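First up is the structure itself, then whatever we jot down about it.
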Amino acid sequence: MITKDLIDGILAFDGGGLPVVSLYLGLDPADRRGVITTRTKSLLQEAHPLAEDRSAAHEVRLSVRGDIQRIEDASAHYRGEGGAVAWFSCSGAGFFTAITLPRSVRDRMVTDMTPWVRPMLAVLDEYHRSCVVVIDKREASLWELYQNEIRRIENVRDRTLRKPDYGGWAGLKEYRVRNKADTLMKGHFRRTATLLDELFRSDGYELLIIGGHEEEVPIFGEFLPKDLQPRLAGTFPIDTSSAGHAEIRSKAQEIVDRYEREEESRQVAEVLERAAMGGFTAVGVEDCLWAGSVAAVQHLLVQEGVQMAGVVCDESGWLALAGKTCPLCGRPTRSTTDVLDELAETVIEEGGSVKHVEAETDLRKHRVAAFLRFPLPPMPQEARI
C-alpha cells in the first residue's frame, strides 16, 4: 500500500551524483511473466544510451548498467500483483526498491538525479481513506476502504423483536409492539452513529459511505453527529442479508470515484475564480514554477499525465523550463526530464499538498495551478523564459 511516509522515504534518497532509474509498468491480470519482462526491457532501452555514453563518468555508466540488469531481473520474477509496479534503482549507491500500485499507470521510464515519484503521488491523491457502514434495523458492519482494498473493522448487532403472534388481537398490542421495535431500531442507529464518530476521531477517516435498505438509510442518516454529516460522500442500496465483500467494495468505490472527480472540478473552479479576482494564486507553468521556487505554494493542482522537461537549481531551489545558470544564485542548473515532478516534490517538502486532476476541467489549458500562502514577489527579469 502506498503511503506518504513511503514516498517521503524514497524522496529522501541521495545518490551522491549518481542517477536514479525510475520505471513504471502498468499491469493487466492476463499478463504473463514473459510479457512483463519483454515490456520492461523495451522501456529500459531508453537508459542504454547513458549506460554507453563515453562522455559520462565511468561510475555513472556502471551504475546505470547495474540498474538495467537489476530491473530486468526483478521483472523476470515479478508475479504481476496489483495494478502496476514501480521500480527505483541506483545500483552504484546500493539503492533498489519495488512498489506495487493499486491501479494501472502509463508505462514510463525516467533517468534523473532524483527518484521520479509523481505517478505515485498521483495514485495516492486519488484515494481517500473511507469508512463504509452497511446497516439495517438490527445489525451494522463497518468497513475501511482505501486504495481499492476493503477490510471489515467492526460489527454491531443489537436486540430486535421477534415477529409477534397477536393471537387474533391487533389494535393496542400491535401499536405497542411496533413502538417497541421502532425504539430498538433507533437505539441501534444511535449506538452505531456514536461508534462511527469515535472511529473518525481516533482513526482519521476522511469520507463516510452508507449502504443499506433504501427506506432505512435516510433514517440512520438523521442520527449522524453534526461533525460527520459533511463527511458523507454518498449512500447506496444493498440487500444487507446477502451483501458480500466484493459487492460492498464495488458500490462504495463508485461513490468514492465520483466524489474524487467532483472534488477536482470544485478545486479547479475555485482556483481559477480566485485568480480572476486577484487572489493569492498562480496559474500556468511559469508562474507555478516561480511560486514553487519561493515556497509560496499551499496547494498545487497538476493535470494528470502532463510531463515537461526543465531545469532545477539544487542550491537555491529555482525551478524553470530552461536556463543553464540560476538567476538567483548564479550556479549551474540541473536538467530534469519532468520539472513538474520536481515542483510537486518541492511543494511537499515545504509542507504544501499536491492534487493530480483527472477530471475534464479548464486546467487542461493551463496544466498547473496553485493556491498560494502569500502573493508572489516579482519574478527577476533574467528568470523569465
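Just so we're on the same page: first chain in the C-alpha cells is A, next is B, and so on; residues restart at 1 for each chain, and ligands are numbered from 1 in the order they show up.
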task = Would you kindly return, as a PyMOL selection string, each protein, DNA or RNA residue with an atom no farther than 12 Å from any atom of A:Gly92, considering only C-alpha atoms and excluding same-chain residues fewer than 6 positions away?
result = chain A and resi 14-21+58-68+70
Preceding selection exported with N, CA and C atoms as a compact mmCIF listing (two decimals), in the first residue's frame:
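Final file, part-v6.txt:
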# COMPACT_ATOMS: atom_id res chain seq x y z
N ASP A 14 19.57 9.98 -1.65
CA ASP A 14 20.56 10.83 -2.32
C ASP A 14 21.61 9.93 -2.94
N GLY A 15 21.68 9.94 -4.25
CA GLY A 15 22.63 9.08 -4.95
C GLY A 15 24.04 9.61 -5.01
N GLY A 16 24.30 10.76 -4.41
CA GLY A 16 25.66 11.30 -4.40
C GLY A 16 26.19 11.59 -5.80
N GLY A 17 25.32 12.08 -6.67
CA GLY A 17 25.74 12.40 -8.03
C GLY A 17 25.45 11.31 -9.04
N LEU A 18 24.97 10.16 -8.59
CA LEU A 18 24.60 9.07 -9.50
C LEU A 18 23.12 9.15 -9.83
N PRO A 19 22.74 8.85 -11.07
CA PRO A 19 21.33 8.94 -11.45
C PRO A 19 20.50 7.79 -10.89
N VAL A 20 19.20 8.02 -10.85
CA VAL A 20 18.24 7.01 -10.42
C VAL A 20 17.38 6.63 -11.62
N VAL A 21 17.24 5.34 -11.86
CA VAL A 21 16.33 4.86 -12.90
C VAL A 21 14.99 4.55 -12.24
N HIS A 58 32.62 7.31 -15.51
CA HIS A 58 32.66 5.84 -15.51
C HIS A 58 31.70 5.26 -14.47
N GLU A 59 31.65 5.87 -13.27
CA GLU A 59 30.78 5.33 -12.22
C GLU A 59 29.31 5.50 -12.57
N VAL A 60 29.00 6.55 -13.35
CA VAL A 60 27.61 6.75 -13.79
C VAL A 60 27.22 5.64 -14.76
N ARG A 61 28.07 5.35 -15.72
CA ARG A 61 27.78 4.30 -16.70
C ARG A 61 27.61 2.94 -16.02
N LEU A 62 28.52 2.65 -15.09
CA LEU A 62 28.44 1.37 -14.38
C LEU A 62 27.15 1.27 -13.57
N SER A 63 26.76 2.37 -12.93
CA SER A 63 25.56 2.36 -12.11
C SER A 63 24.32 2.12 -12.97
N VAL A 64 24.24 2.81 -14.10
CA VAL A 64 23.06 2.64 -14.97
C VAL A 64 23.02 1.23 -15.54
N ARG A 65 24.17 0.69 -15.91
CA ARG A 65 24.18 -0.70 -16.38
C ARG A 65 23.66 -1.64 -15.30
N GLY A 66 24.08 -1.40 -14.08
CA GLY A 66 23.58 -2.22 -12.97
C GLY A 66 22.09 -2.05 -12.76
N ASP A 67 21.59 -0.82 -12.95
CA ASP A 67 20.16 -0.57 -12.82
C ASP A 67 19.37 -1.36 -13.86
N ILE A 68 19.85 -1.33 -15.09
CA ILE A 68 19.17 -2.05 -16.17
C ILE A 68 19.09 -3.53 -15.84
N ARG A 70 19.38 -4.98 -12.87
CA ARG A 70 18.61 -5.24 -11.64
C ARG A 70 17.11 -5.20 -11.93
query = Residues at most 12 Å from A:Leu328, counting only C-alpha atoms, excluding those fewer than 4 positions away in the same chain, as a PyMOL selection string?
reply = chain A and resi 290+293-294+312-320+323+332-333+379-384
Dump of N, CA and C atoms for the selected residues, as an mmCIF file, in the first residue's frame:
data_model
loop_
_atom_site.group_PDB
_atom_site.id
_atom_site.type_symbol
_atom_site.label_atom_id
_atom_site.label_comp_id
_atom_site.auth_asym_id
_atom_site.auth_seq_id
_atom_site.Cartn_x
_atom_site.Cartn_y
_atom_site.Cartn_z
ATOM 1 N N TRP A 290 7.712 29.426 -10.514
ATOM 2 C CA TRP A 290 8.253 30.520 -9.709
ATOM 3 C C TRP A 290 7.694 30.468 -8.282
ATOM 4 N N SER A 293 9.497 27.923 -6.452
ATOM 5 C CA SER A 293 10.871 28.346 -6.174
ATOM 6 C C SER A 293 10.967 29.182 -4.911
ATOM 7 N N VAL A 294 9.911 29.944 -4.600
ATOM 8 C CA VAL A 294 9.938 30.813 -3.412
ATOM 9 C C VAL A 294 9.083 30.243 -2.281
ATOM 10 N N VAL A 312 16.521 22.711 -12.715
ATOM 11 C CA VAL A 312 16.425 22.916 -11.268
ATOM 12 C C VAL A 312 17.769 23.415 -10.766
ATOM 13 N N CYS A 313 17.734 24.354 -9.842
ATOM 14 C CA CYS A 313 18.947 24.731 -9.124
ATOM 15 C C CYS A 313 18.889 24.086 -7.748
ATOM 16 N N ASP A 314 19.806 23.158 -7.493
ATOM 17 C CA ASP A 314 19.791 22.451 -6.211
ATOM 18 C C ASP A 314 20.264 23.328 -5.062
ATOM 19 N N GLU A 315 20.858 24.487 -5.377
ATOM 20 C CA GLU A 315 21.325 25.394 -4.333
ATOM 21 C C GLU A 315 20.204 26.314 -3.862
ATOM 22 N N SER A 316 19.528 27.000 -4.805
ATOM 23 C CA SER A 316 18.511 27.983 -4.424
ATOM 24 C C SER A 316 17.095 27.430 -4.461
ATOM 25 N N GLY A 317 16.904 26.296 -5.162
ATOM 26 C CA GLY A 317 15.569 25.749 -5.318
ATOM 27 C C GLY A 317 14.814 26.317 -6.498
ATOM 28 N N TRP A 318 15.507 27.074 -7.372
ATOM 29 C CA TRP A 318 14.849 27.674 -8.534
ATOM 30 C C TRP A 318 14.408 26.596 -9.508
ATOM 31 N N LEU A 319 13.183 26.733 -10.017
ATOM 32 C CA LEU A 319 12.600 25.804 -10.977
ATOM 33 C C LEU A 319 12.194 26.579 -12.219
ATOM 34 N N ALA A 320 12.504 26.034 -13.393
ATOM 35 C CA ALA A 320 12.149 26.726 -14.619
ATOM 36 C C ALA A 320 12.120 25.747 -15.782
ATOM 37 N N GLY A 323 17.255 27.263 -18.820
ATOM 38 C CA GLY A 323 18.235 28.158 -18.211
ATOM 39 C C GLY A 323 19.434 27.390 -17.693
ATOM 40 N N PRO A 332 25.285 26.741 -11.780
ATOM 41 C CA PRO A 332 24.727 25.975 -12.909
ATOM 42 C C PRO A 332 23.482 25.207 -12.475
ATOM 43 N N THR A 333 22.527 25.080 -13.387
ATOM 44 C CA THR A 333 21.306 24.335 -13.095
ATOM 45 C C THR A 333 21.467 22.872 -13.500
ATOM 46 N N MET A 379 8.999 38.331 -10.371
ATOM 47 C CA MET A 379 9.997 37.399 -10.904
ATOM 48 C C MET A 379 11.136 38.204 -11.535
ATOM 49 N N PRO A 380 12.390 37.864 -11.196
ATOM 50 C CA PRO A 380 13.508 38.564 -11.836
ATOM 51 C C PRO A 380 13.414 38.457 -13.353
ATOM 52 N N GLN A 381 13.755 39.570 -14.024
ATOM 53 C CA GLN A 381 13.639 39.588 -15.479
ATOM 54 C C GLN A 381 14.463 38.486 -16.129
ATOM 55 N N GLU A 382 15.638 38.243 -15.555
ATOM 56 C CA GLU A 382 16.517 37.238 -16.133
ATOM 57 C C GLU A 382 15.985 35.821 -15.931
ATOM 58 N N ALA A 383 14.958 35.655 -15.049
ATOM 59 C CA ALA A 383 14.374 34.350 -14.793
ATOM 60 C C ALA A 383 13.264 34.018 -15.785
ATOM 61 N N ARG A 384 12.815 35.030 -16.532
ATOM 62 C CA ARG A 384 11.726 34.790 -17.485
ATOM 63 C C ARG A 384 12.270 34.149 -18.754
#
Considering only C-alpha atoms, tabulate each residue of stretch 223-269 of chain A that lies at most 8 Å from stretch 180-202 of chain A along with its nearest interatomic pair and the corresponding distance in Å to one decimal; arrange the rows by chain and ascending residue number and present them as a Markdown table.
| residue | atom | partner | partner_atom | distance |
| --- | --- | --- | --- | --- |
| A:Phe223 | CA | A:Arg190 | CA | 5.9 |
| A:Leu224 | CA | A:Ala193 | CA | 5.4 |
| A:Pro225 | CA | A:Asp197 | CA | 7.1 |
| A:Leu228 | CA | A:Asp197 | CA | 6.9 |
Can I get the residues of stretch 56-148 of chain A within 10 Å of stretch 340-356 of chain A, each with the closest pair of atoms and their distance in Å to one decimal, using only C-alpha atoms, sorted chain first then ascending number, as a tab-separated table?
residue	atom	partner	partner_atom	distance
A:Thr114	CA	A:Glu342	CA	8.7
A:Pro115	CA	A:Asp341	CA	9.5
A:Trp116	CA	A:Asp341	CA	6.8
A:Val117	CA	A:Asp341	CA	7.0
A:Arg118	CA	A:Asp341	CA	5.3
A:Pro119	CA	A:Asp341	CA	8.7
A:Leu121	CA	A:His356	CA	7.8
A:Ala122	CA	A:His356	CA	5.2
A:Val123	CA	A:His356	CA	8.3
A:Leu124	CA	A:Lys355	CA	9.2
A:Asp125	CA	A:Lys355	CA	5.9
A:Glu126	CA	A:His356	CA	7.9
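With only C-alpha atoms as the atoms that count, the residue of A:Met113, A:Tyr127, A:Leu43, A:Ala369 with the shortest distance to A:Lys4 is A:Tyr127.
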request  = Excluding A:Ala370 and any residue of its chain fewer than 5 positions from it, enumerate the residues within 12 Å of it, using only C-alpha atoms, and give them as a PyMOL selection string.
outcome  = chain A and resi 267-275+279-292+295-303+343-344+347+352-356+363+375-376
request  = Could you tell me which of A:Phe371, A:Thr337, A:Asp28, A:Leu23 comes closest to A:Ala74 if we count only C-alpha atoms?
outcome  = A:Leu23
query = If you count only C-alpha atoms, which residues fall within 8 Å of A:Ala76, apart from same-chain ones fewer than 3 positions away, as a PyMOL selection string?
reply = chain A and resi 33-34+36-37+72-73
query = Within 8 Å of A:Ala252, counting only C-alpha atoms, which residues qualify if same-chain residues fewer than 5 places away don't, as a ChimeraX atom specification?
reply = /A:132,145,209,236
Keeping all heavy atoms for every residue in the selection just given, could you write it to a file as a short mmCIF file (atom, residue, chain, number, x, y, z; two decimals), in the first residue's frame?
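Result went into out-v4.cif, see below:
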data_model
loop_
_atom_site.label_atom_id
_atom_site.label_comp_id
_atom_site.auth_asym_id
_atom_site.auth_seq_id
_atom_site.Cartn_x
_atom_site.Cartn_y
_atom_site.Cartn_z
N VAL A 132 -16.97 2.72 5.51
CA VAL A 132 -18.23 2.28 4.90
C VAL A 132 -19.05 1.55 5.96
O VAL A 132 -18.54 0.63 6.60
CB VAL A 132 -17.97 1.35 3.71
CG1 VAL A 132 -19.29 0.95 3.03
CG2 VAL A 132 -17.02 2.00 2.70
N LEU A 145 -12.28 1.31 3.48
CA LEU A 145 -11.99 1.24 2.05
C LEU A 145 -10.86 2.20 1.75
O LEU A 145 -10.97 3.40 1.97
CB LEU A 145 -13.24 1.62 1.23
CG LEU A 145 -13.06 1.68 -0.29
CD1 LEU A 145 -12.76 0.29 -0.85
CD2 LEU A 145 -14.31 2.26 -0.95
N ILE A 209 -19.43 6.52 3.91
CA ILE A 209 -20.34 5.99 2.90
C ILE A 209 -21.29 5.03 3.60
O ILE A 209 -20.86 4.21 4.42
CB ILE A 209 -19.54 5.24 1.80
CG1 ILE A 209 -18.56 6.21 1.13
CG2 ILE A 209 -20.48 4.64 0.77
CD1 ILE A 209 -17.53 5.52 0.28
N PHE A 236 -25.69 4.00 -0.84
CA PHE A 236 -26.03 3.03 -1.90
C PHE A 236 -26.99 2.00 -1.34
O PHE A 236 -26.91 1.62 -0.17
CB PHE A 236 -24.77 2.36 -2.46
CG PHE A 236 -23.97 1.58 -1.44
CD1 PHE A 236 -24.22 0.23 -1.21
CD2 PHE A 236 -22.93 2.19 -0.75
CE1 PHE A 236 -23.47 -0.49 -0.28
CE2 PHE A 236 -22.17 1.49 0.17
CZ PHE A 236 -22.44 0.14 0.41
#
message = Can you pull out every residue from stretch 186-364 of chain A that DSSP, working from the backbone, puts in strand (DSSP E or B), and format the result as a PyMOL selection string?
response = chain A and resi 207-212+232-237+281-283+297-303+310-312+319-320+325+332+334-336+353-357
